[in-house]
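Peer 1: One structure follows; several queries about it will come next.
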Amino acid sequence: MRIALFEPEIAGNVGAVMRLGACMGVPVDLIEPMGFEWDDKRVRRTAMDYIDHVDVSRHRSFDAFREVTPGRLVLFTTKGEASPYDFEFEPTDLLLFGKESGGVPADVAAASDARLRIPIRADVRSFNLAMAAALALGEALRQTGELPR
């Protein structure tokens, strides 16, 4: 299982997702362009010393990511059709999260094998990117029996 971030815009979110990947033993893929410089100190501040415990891959584009990363692409989106709590995850799934300001473009959504929406109250818009990744990854790892012990 892997977490993939499509064109992330906020360094602190990337750092938090990297820390999540380190804690859960899951690689993180960053699909460029990103909305900040890679050496942004906010990434390291949020990831802290966990940055040395996560496998991070950077990809120049979505197509480049798909060329080298096999697996079923599971997109988390506010436009999703199903809940992750009703979905059957597989150990080789790629959990994809779009950019903070607008998700993913239509062609990336169409290339996804599943589009899931984390249930929230109707009067709010969405979770923070890192929070959504944590909820989604926790459920996916729980279902597949891959939670760290």
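Each chain in the structure tokens gets a letter, A, B, ..., in the order shown, and its residues are numbered from 1; ligands are numbered from 1 in order too.
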Distance table requested - stretch 4-48 of chain A against stretch 96-101 of chain A, cut-off 10 Å, only C-alpha atoms: one row per qualifying residue with the closest atom pair and its distance in Å to one decimal, ordered by chain and rising residue number, as a tab-separated table.
Peer 2:
```
residue	atom	partner	partner_atom	distance
A:Ala4	CA	A:Leu96	CA	4.7
A:Leu5	CA	A:Phe97	CA	5.0
A:Phe6	CA	A:Gly98	CA	4.8
A:Glu7	CA	A:Lys99	CA	5.4
A:Pro8	CA	A:Lys99	CA	4.7
A:Glu9	CA	A:Lys99	CA	6.2
A:Ile10	CA	A:Glu100	CA	7.6
A:Asn13	CA	A:Glu100	CA	9.2
A:Asp29	CA	A:Leu96	CA	9.1
A:Leu30	CA	A:Leu96	CA	9.9
A:Ile31	CA	A:Gly98	CA	9.6
A:Met34	CA	A:Lys99	CA	8.9
A:Gly35	CA	A:Lys99	CA	9.1
```
Peer 1: What residues in chain A get the DSSP label alpha helix (DSSP H)? Please answer as a ChimeraX atom specification.
Peer 2: /A:11-24,41-47,62-68,106-111,129-144
Peer 1: May I have the residues within 7 Å of A:Leu73 as a ChimeraX atom specification, using only C-alpha atoms and disregarding those fewer than 6 positions away in the same chain?
Peer 2: /A:93-96,112-114
Peer 1: What would the file look like if the residues just selected were written as a PDB file, in the first residue's frame with N, CA, C and O atoms?
Peer 2:
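The resulting file, out.pdb, is shown below:
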```
ATOM      1  N   ASP A  93      -3.031  -1.413  -2.904  1.00  0.00           N
ATOM      2  CA  ASP A  93      -3.723  -0.198  -3.331  1.00  0.00           C
ATOM      3  C   ASP A  93      -2.830   1.030  -3.221  1.00  0.00           C
ATOM      4  O   ASP A  93      -1.977   1.128  -2.325  1.00  0.00           O
ATOM      5  N   LEU A  94      -3.076   1.972  -4.124  1.00  0.00           N
ATOM      6  CA  LEU A  94      -2.441   3.286  -4.100  1.00  0.00           C
ATOM      7  C   LEU A  94      -3.511   4.278  -3.667  1.00  0.00           C
ATOM      8  O   LEU A  94      -4.492   4.489  -4.377  1.00  0.00           O
ATOM      9  N   LEU A  95      -3.350   4.866  -2.501  1.00  0.00           N
ATOM     10  CA  LEU A  95      -4.328   5.812  -1.968  1.00  0.00           C
ATOM     11  C   LEU A  95      -3.950   7.208  -2.445  1.00  0.00           C
ATOM     12  O   LEU A  95      -2.928   7.760  -2.026  1.00  0.00           O
ATOM     13  N   LEU A  96      -4.753   7.772  -3.338  1.00  0.00           N
ATOM     14  CA  LEU A  96      -4.433   9.046  -3.983  1.00  0.00           C
ATOM     15  C   LEU A  96      -5.261  10.182  -3.399  1.00  0.00           C
ATOM     16  O   LEU A  96      -6.486  10.069  -3.264  1.00  0.00           O
ATOM     17  N   SER A 112      -8.766   6.690 -12.169  1.00  0.00           N
ATOM     18  CA  SER A 112      -8.837   6.004 -10.878  1.00  0.00           C
ATOM     19  C   SER A 112      -9.760   4.796 -10.966  1.00  0.00           C
ATOM     20  O   SER A 112     -10.772   4.820 -11.653  1.00  0.00           O
ATOM     21  N   ASP A 113      -9.391   3.753 -10.234  1.00  0.00           N
ATOM     22  CA  ASP A 113     -10.202   2.534 -10.205  1.00  0.00           C
ATOM     23  C   ASP A 113     -11.379   2.668  -9.249  1.00  0.00           C
ATOM     24  O   ASP A 113     -12.367   1.957  -9.387  1.00  0.00           O
ATOM     25  N   ALA A 114     -11.250   3.560  -8.274  1.00  0.00           N
ATOM     26  CA  ALA A 114     -12.335   3.804  -7.310  1.00  0.00           C
ATOM     27  C   ALA A 114     -12.226   5.248  -6.844  1.00  0.00           C
ATOM     28  O   ALA A 114     -11.129   5.804  -6.773  1.00  0.00           O
TER      29      ALA A 114
END
```
Peer 1: When you look at A:Gly25 with a cut-off of 12 Å (counting only C-alpha atoms), what residues show up, excluding the ones that are within fewer than 6 positions of it in the same chain? I need them as a list in words.
Peer 2: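 Answer for this query is Met1, Arg2, Ile3, Val17, Met18, Arg19, Tyr50, Ile51, Asp52, His53, Val54, Asp55, Val56, Leu137, Gly138, Leu141, Glu146, Leu147, Pro148 and Arg149 of chain A.
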Peer 1: Where does DSSP see strand (DSSP E or B) in stretch 1-33 of chain A, if you list the residues as a list in words?
Peer 2: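 Those in stretch 1-33 of chain A that DSSP calls strand (DSSP E or B) are Arg2, Ile3, Ala4, Leu5, Phe6, Val28, Asp29, Leu30 and Ile31 of chain A.
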Peer 1: State, in Å with one decimal place, the distance from atom CA of A:Glu88 to atom CA of A:Ala132.
Peer 2: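 Pair atom CA of A:Glu88 / atom CA of A:Ala132 returns 17.6 Å.
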Peer 1: Which residues, written as a short mmCIF file (atom, residue, chain, number, x, y, z; two decimals) with C-alpha atoms, in the first residue's frame, have at least one atom at most 12 Å from A:Ile120, with only C-alpha atoms counted and residues fewer than 5 positions away on the same chain left out?
Peer 2:
```
data_model
loop_
_atom_site.label_atom_id
_atom_site.label_comp_id
_atom_site.auth_asym_id
_atom_site.auth_seq_id
_atom_site.Cartn_x
_atom_site.Cartn_y
_atom_site.Cartn_z
CA THR A 78 -15.34 15.04 -2.07
CA SER A 83 -17.40 5.37 1.62
CA ARG A 125 -16.67 20.94 3.03
CA SER A 126 -13.74 18.60 3.66
CA PHE A 127 -10.99 17.35 5.94
CA ALA A 132 -8.01 12.59 5.39
CA LEU A 135 -8.35 8.27 8.28
#
```
Peer 1: Looking at only C-alpha atoms, which of A:Ala11, A:Leu129, A:Val108, A:Val26 is the one that sits closest to A:Arg66?
Peer 2: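 Comparing A:Ala11, A:Leu129, A:Val108, A:Val26 against A:Arg66, the winner is A:Val108.
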Peer 1: So the first atom is atom CA of A:Gln143 and the second is atom CA of A:Ala16; what is the distance between them in Å, to one decimal place?
Peer 2: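 A separation of 22.7 Å between them.
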Peer 1: Of the candidates A:Gly145, A:Pro70, A:Gly80, A:Pro27, which one gets nearest to A:Arg117 if we count only C-alpha atoms?
Peer 2: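 With only C-alpha atoms as the atom set, the closest residue is A:Gly80.
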Peer 1: Measuring atom to atom with only C-alpha atoms, identify which of A:Asp49, A:Asp123, A:Met131, A:Ala111 is nearest to A:Ala22.
Peer 2: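 Of all the options, A:Asp49 lies closest to A:Ala22.
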Peer 1: What is the distance, in Å and to one decimal place, between atom CA of A:Gly103 and atom CA of A:Ala133?
Peer 2: 13.3 Å
